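What follows is the content of coords-v6.txt, which has compact mmCIF, C-alpha atoms:
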```txt
# COMPACT_ATOMS: atom_id res chain seq x y z
CA MET A 26 -72.70 -55.45 -176.15
CA ALA A 27 -73.14 -58.86 -177.79
CA GLN A 28 -73.35 -57.52 -181.35
CA GLN A 29 -70.22 -55.59 -182.22
CA ALA A 30 -71.36 -53.18 -184.89
CA VAL A 31 -68.43 -52.05 -186.96
CA GLN A 32 -64.78 -53.03 -186.88
CA LYS A 33 -63.30 -49.59 -187.42
CA ASN A 34 -59.86 -50.77 -188.46
CA THR A 35 -60.93 -53.59 -190.80
CA LEU A 36 -62.15 -52.71 -194.28
CA TYR A 37 -64.23 -54.83 -196.61
CA VAL A 38 -62.90 -54.41 -200.17
CA GLY A 39 -65.30 -55.65 -202.84
CA GLY A 40 -65.09 -55.82 -206.63
CA LEU A 41 -61.60 -57.29 -206.84
CA ALA A 42 -60.35 -58.39 -210.25
CA GLU A 43 -59.25 -62.02 -210.50
CA GLU A 44 -55.57 -61.03 -210.84
CA VAL A 45 -55.60 -59.14 -207.53
CA ASN A 46 -53.92 -61.14 -204.78
CA GLU A 47 -53.15 -60.29 -201.16
CA ALA A 48 -49.81 -58.72 -202.12
CA ILE A 49 -51.46 -56.40 -204.66
CA LEU A 50 -54.22 -55.51 -202.20
CA HIS A 51 -51.57 -54.78 -199.57
CA ALA A 52 -49.67 -52.55 -202.01
CA ALA A 53 -52.86 -50.67 -202.94
CA PHE A 54 -53.72 -49.86 -199.30
CA ILE A 55 -50.28 -49.43 -197.67
CA PRO A 56 -50.07 -45.71 -198.65
CA PHE A 57 -52.77 -45.03 -196.02
CA GLY A 58 -50.92 -46.54 -193.08
CA ASP A 59 -49.53 -49.65 -191.44
CA ILE A 60 -51.45 -52.78 -192.35
CA LYS A 61 -51.88 -55.53 -189.79
CA ASP A 62 -53.50 -58.09 -192.07
CA VAL A 63 -54.79 -58.64 -195.60
CA LYS A 64 -57.09 -61.53 -196.43
CA THR A 65 -58.75 -62.60 -199.66
CA PRO A 66 -60.82 -65.64 -198.65
CA LEU A 67 -60.57 -68.34 -201.31
CA ASP A 68 -63.36 -70.25 -202.93
CA GLN A 69 -62.42 -73.77 -201.92
CA ALA A 70 -63.62 -75.23 -205.22
CA THR A 71 -61.69 -72.94 -207.56
CA GLN A 72 -58.88 -71.82 -205.23
CA LYS A 73 -59.52 -68.26 -206.44
CA HIS A 74 -60.68 -65.44 -204.20
CA ARG A 75 -64.37 -64.61 -204.28
CA SER A 76 -63.74 -61.06 -205.62
CA PHE A 77 -63.54 -59.49 -202.16
CA GLY A 78 -61.03 -59.15 -199.38
CA PHE A 79 -60.34 -57.57 -196.02
CA VAL A 80 -57.64 -55.08 -195.10
CA THR A 81 -56.99 -54.55 -191.40
CA PHE A 82 -55.05 -51.43 -190.43
CA LEU A 83 -53.26 -50.93 -187.14
CA GLU A 84 -54.89 -47.50 -186.75
CA LYS A 85 -58.60 -46.66 -187.16
CA GLU A 86 -57.68 -43.30 -188.71
CA ASP A 87 -55.67 -45.00 -191.44
CA ALA A 88 -58.59 -47.32 -192.20
CA ALA A 89 -60.89 -44.28 -192.43
CA ALA A 90 -58.49 -42.50 -194.81
CA ALA A 91 -58.14 -45.63 -196.95
CA MET A 92 -61.92 -46.03 -197.13
CA ASP A 93 -62.42 -42.38 -198.13
CA ASN A 94 -59.81 -42.60 -200.85
CA MET A 95 -60.28 -46.14 -202.16
CA ASP A 96 -64.08 -46.50 -202.22
CA GLY A 97 -64.97 -46.11 -205.90
CA ALA A 98 -61.30 -46.23 -206.97
CA GLU A 99 -60.20 -48.55 -209.77
CA LEU A 100 -57.85 -51.46 -209.33
CA TYR A 101 -57.01 -53.61 -212.36
CA GLY A 102 -59.91 -52.04 -214.26
CA ARG A 103 -62.51 -52.87 -211.61
CA VAL A 104 -64.24 -50.29 -209.38
CA LEU A 105 -63.70 -51.09 -205.72
CA THR A 106 -66.31 -50.96 -202.99
CA VAL A 107 -64.62 -50.16 -199.69
CA ASN A 108 -66.59 -50.12 -196.42
CA TYR A 109 -65.95 -50.88 -192.82
CA ALA A 110 -66.14 -54.63 -192.40
CA LEU A 111 -69.41 -55.47 -190.69
CA PRO A 112 -69.59 -58.71 -188.77
CA GLU A 113 -72.49 -59.67 -191.09
CA ARG A 114 -70.13 -59.43 -194.03
CA ILE A 115 -67.39 -61.51 -192.53
CA LYS A 116 -69.18 -63.94 -190.28
CA GLY A 117 -69.65 -67.61 -190.94
CA GLY A 118 -66.97 -70.18 -191.18
CA GLU A 119 -67.05 -73.62 -189.69
CA GLN A 120 -67.75 -72.49 -186.13
CA GLY A 121 -71.15 -71.22 -187.19
CA TRP A 122 -72.56 -67.75 -187.56
CA ALA A 123 -70.54 -65.95 -184.94
CA ALA A 124 -69.41 -62.36 -185.31
CA GLN A 125 -65.95 -63.49 -186.22
CA PRO A 126 -63.98 -62.98 -189.39
CA ILE A 127 -64.34 -65.53 -192.12
CA TRP A 128 -60.67 -66.39 -191.77
CA ALA A 129 -61.02 -67.36 -188.09
CA ASP A 130 -61.42 -70.98 -189.19
CA ALA A 131 -58.78 -70.68 -191.90
CA ASP A 132 -56.26 -72.46 -189.69
CA THR A 133 -58.33 -75.64 -189.47
CA TRP A 134 -59.07 -75.36 -193.19
CA PHE A 135 -55.36 -74.88 -193.89
CA GLU A 136 -54.51 -77.94 -191.78
CA ARG A 137 -57.05 -80.02 -193.70
CA GLN A 138 -55.60 -78.74 -196.98
CA GLN A 139 -52.10 -79.70 -195.84
CA GLN A 140 -53.27 -83.16 -194.79
CA GLU A 141 -55.00 -83.58 -198.14
CA GLU A 142 -51.91 -82.42 -200.03
CA GLU A 143 -49.77 -84.79 -197.95
CA MET A 144 -52.12 -87.68 -198.83
CA GLN A 145 -51.98 -86.77 -202.52
CA ARG A 146 -48.19 -86.50 -202.34
CA LEU A 147 -47.92 -89.94 -200.70
CA GLN A 148 -50.27 -91.44 -203.29
CA ALA A 149 -48.21 -89.89 -206.07
CA GLU A 150 -45.00 -91.25 -204.49
CA ASN A 151 -46.53 -94.73 -204.20
CA GLN A 152 -47.69 -94.61 -207.81
CA ALA A 153 -44.24 -93.44 -208.89
CA ALA A 154 -42.63 -96.27 -206.89
CA MET A 155 -45.02 -98.80 -208.47
CA ARG A 156 -44.23 -97.47 -211.94
CA ALA A 157 -40.50 -97.59 -211.20
CA ALA A 158 -40.82 -101.19 -209.96
CA GLU A 159 -42.83 -102.18 -213.05
CA GLU A 160 -40.30 -100.45 -215.29
CA LEU A 161 -37.44 -102.27 -213.54
CA HIS A 162 -39.29 -105.59 -213.91
CA ARG A 163 -39.87 -104.96 -217.63
CA LYS A 164 -36.18 -104.08 -218.09
CA LYS A 165 -35.11 -107.28 -216.30
CA LEU A 166 -37.42 -109.37 -218.47
CA ALA A 167 -36.15 -107.63 -221.57
CA GLU A 168 -32.53 -108.20 -220.45
CA GLU A 169 -33.27 -111.86 -219.76
CA ARG A 170 -34.78 -112.23 -223.22
CA GLN A 171 -31.81 -110.34 -224.61
CA GLY A 172 -29.55 -112.63 -222.58
CA GLU A 173 -31.21 -115.73 -224.09
CA LYS A 174 -30.47 -114.38 -227.56
CA GLU A 175 -26.88 -113.72 -226.49
CA ASP A 176 -26.69 -117.30 -225.14
CA ASP A 177 -27.65 -118.53 -228.61
CA SER A 178 -24.85 -116.50 -230.19
CA GLU A 179 -22.36 -117.72 -227.57
CA MET A 180 -23.25 -121.31 -228.42
CA LYS A 181 -22.10 -120.81 -232.01
CA ASP A 182 -18.61 -119.96 -230.72
CA ASP A 183 -18.53 -122.81 -228.18
CA PRO A 184 -18.07 -126.24 -229.82
CA MET A 185 -19.05 -128.11 -226.62
CA ALA A 186 -22.27 -126.10 -226.23
CA ARG A 187 -23.04 -126.68 -229.91
CA ALA A 188 -22.51 -130.44 -229.55
CA GLU A 189 -24.74 -130.50 -226.44
CA ALA A 190 -27.46 -128.57 -228.27
CA GLU A 191 -27.31 -131.01 -231.20
CA VAL A 192 -27.64 -133.98 -228.84
CA LEU A 193 -30.59 -132.29 -227.10
CA ASN A 194 -32.22 -131.53 -230.47
CA GLN A 195 -31.80 -135.11 -231.63
CA GLY A 196 -33.23 -136.44 -228.35
```
Could you rewrite the structure in this file as structure tokens?
Amino acid sequence: MAQQAVQKNTLYVGGLAEEVNEAILHAAFIPFGDIKDVKTPLDQATQKHRSFGFVTFLEKEDAAAAMDNMDGAELYGRVLTVNYALPERIKGGEQGWAAQPIWADADTWFERQQQEEEMQRLQAENQAAMRAAEELHRKKLAEERQGEKEDDSEMKDDPMARAEAEVLNQG
């Protein structure tokens, strides 16, 4: 059977409010039985979930009970749609339109995200180092200028330095 029809222990949960995260979804469905997995696929542009998620139970019976009880229920003021997850609903991802969950390619996406974050972190560190170096350079210049002013004041106390300065000024 090439086309697997329904995944009897994975539920599609639609109509999620923005505040609902995987922990809240887990808490809402755990009364029905042991949960193997909860996923709320993120919109890569906004980093928010796309108002749906998937709850996978260990037991088909628990998934059935959860669907019966939670379909049409309210969570954070939004009415939920709870069905068995059809491959059509959860297919896609980078490997093409296979009958696999949308999160099957999440690992490669996650790796890319980590690489990107690492790059951004390194760039930020480099920029911080550059700023620190510039700041240090400015301080040194300021100290040197300050030092020149101090040299002037030292000359007033030093008769030899004063005499030398007068000779230099006359020359």
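Put simply, CA of Met185 (chain A) is 24.8 Å away from CA of Glu168 (chain A).
Considering only C-alpha atoms, the residue among A:Phe82, A:Pro56, A:Gln171, A:Gln72 positioned nearest to Lys33 (chain A) is A:Phe82.
Note that the spacing between CA of Leu111 (chain A) and CA of Ile55 (chain A) amounts to 21.2 Å.
Note that CA of Asp96 (chain A) and CA of Asp68 (chain A) are 23.8 Å apart.
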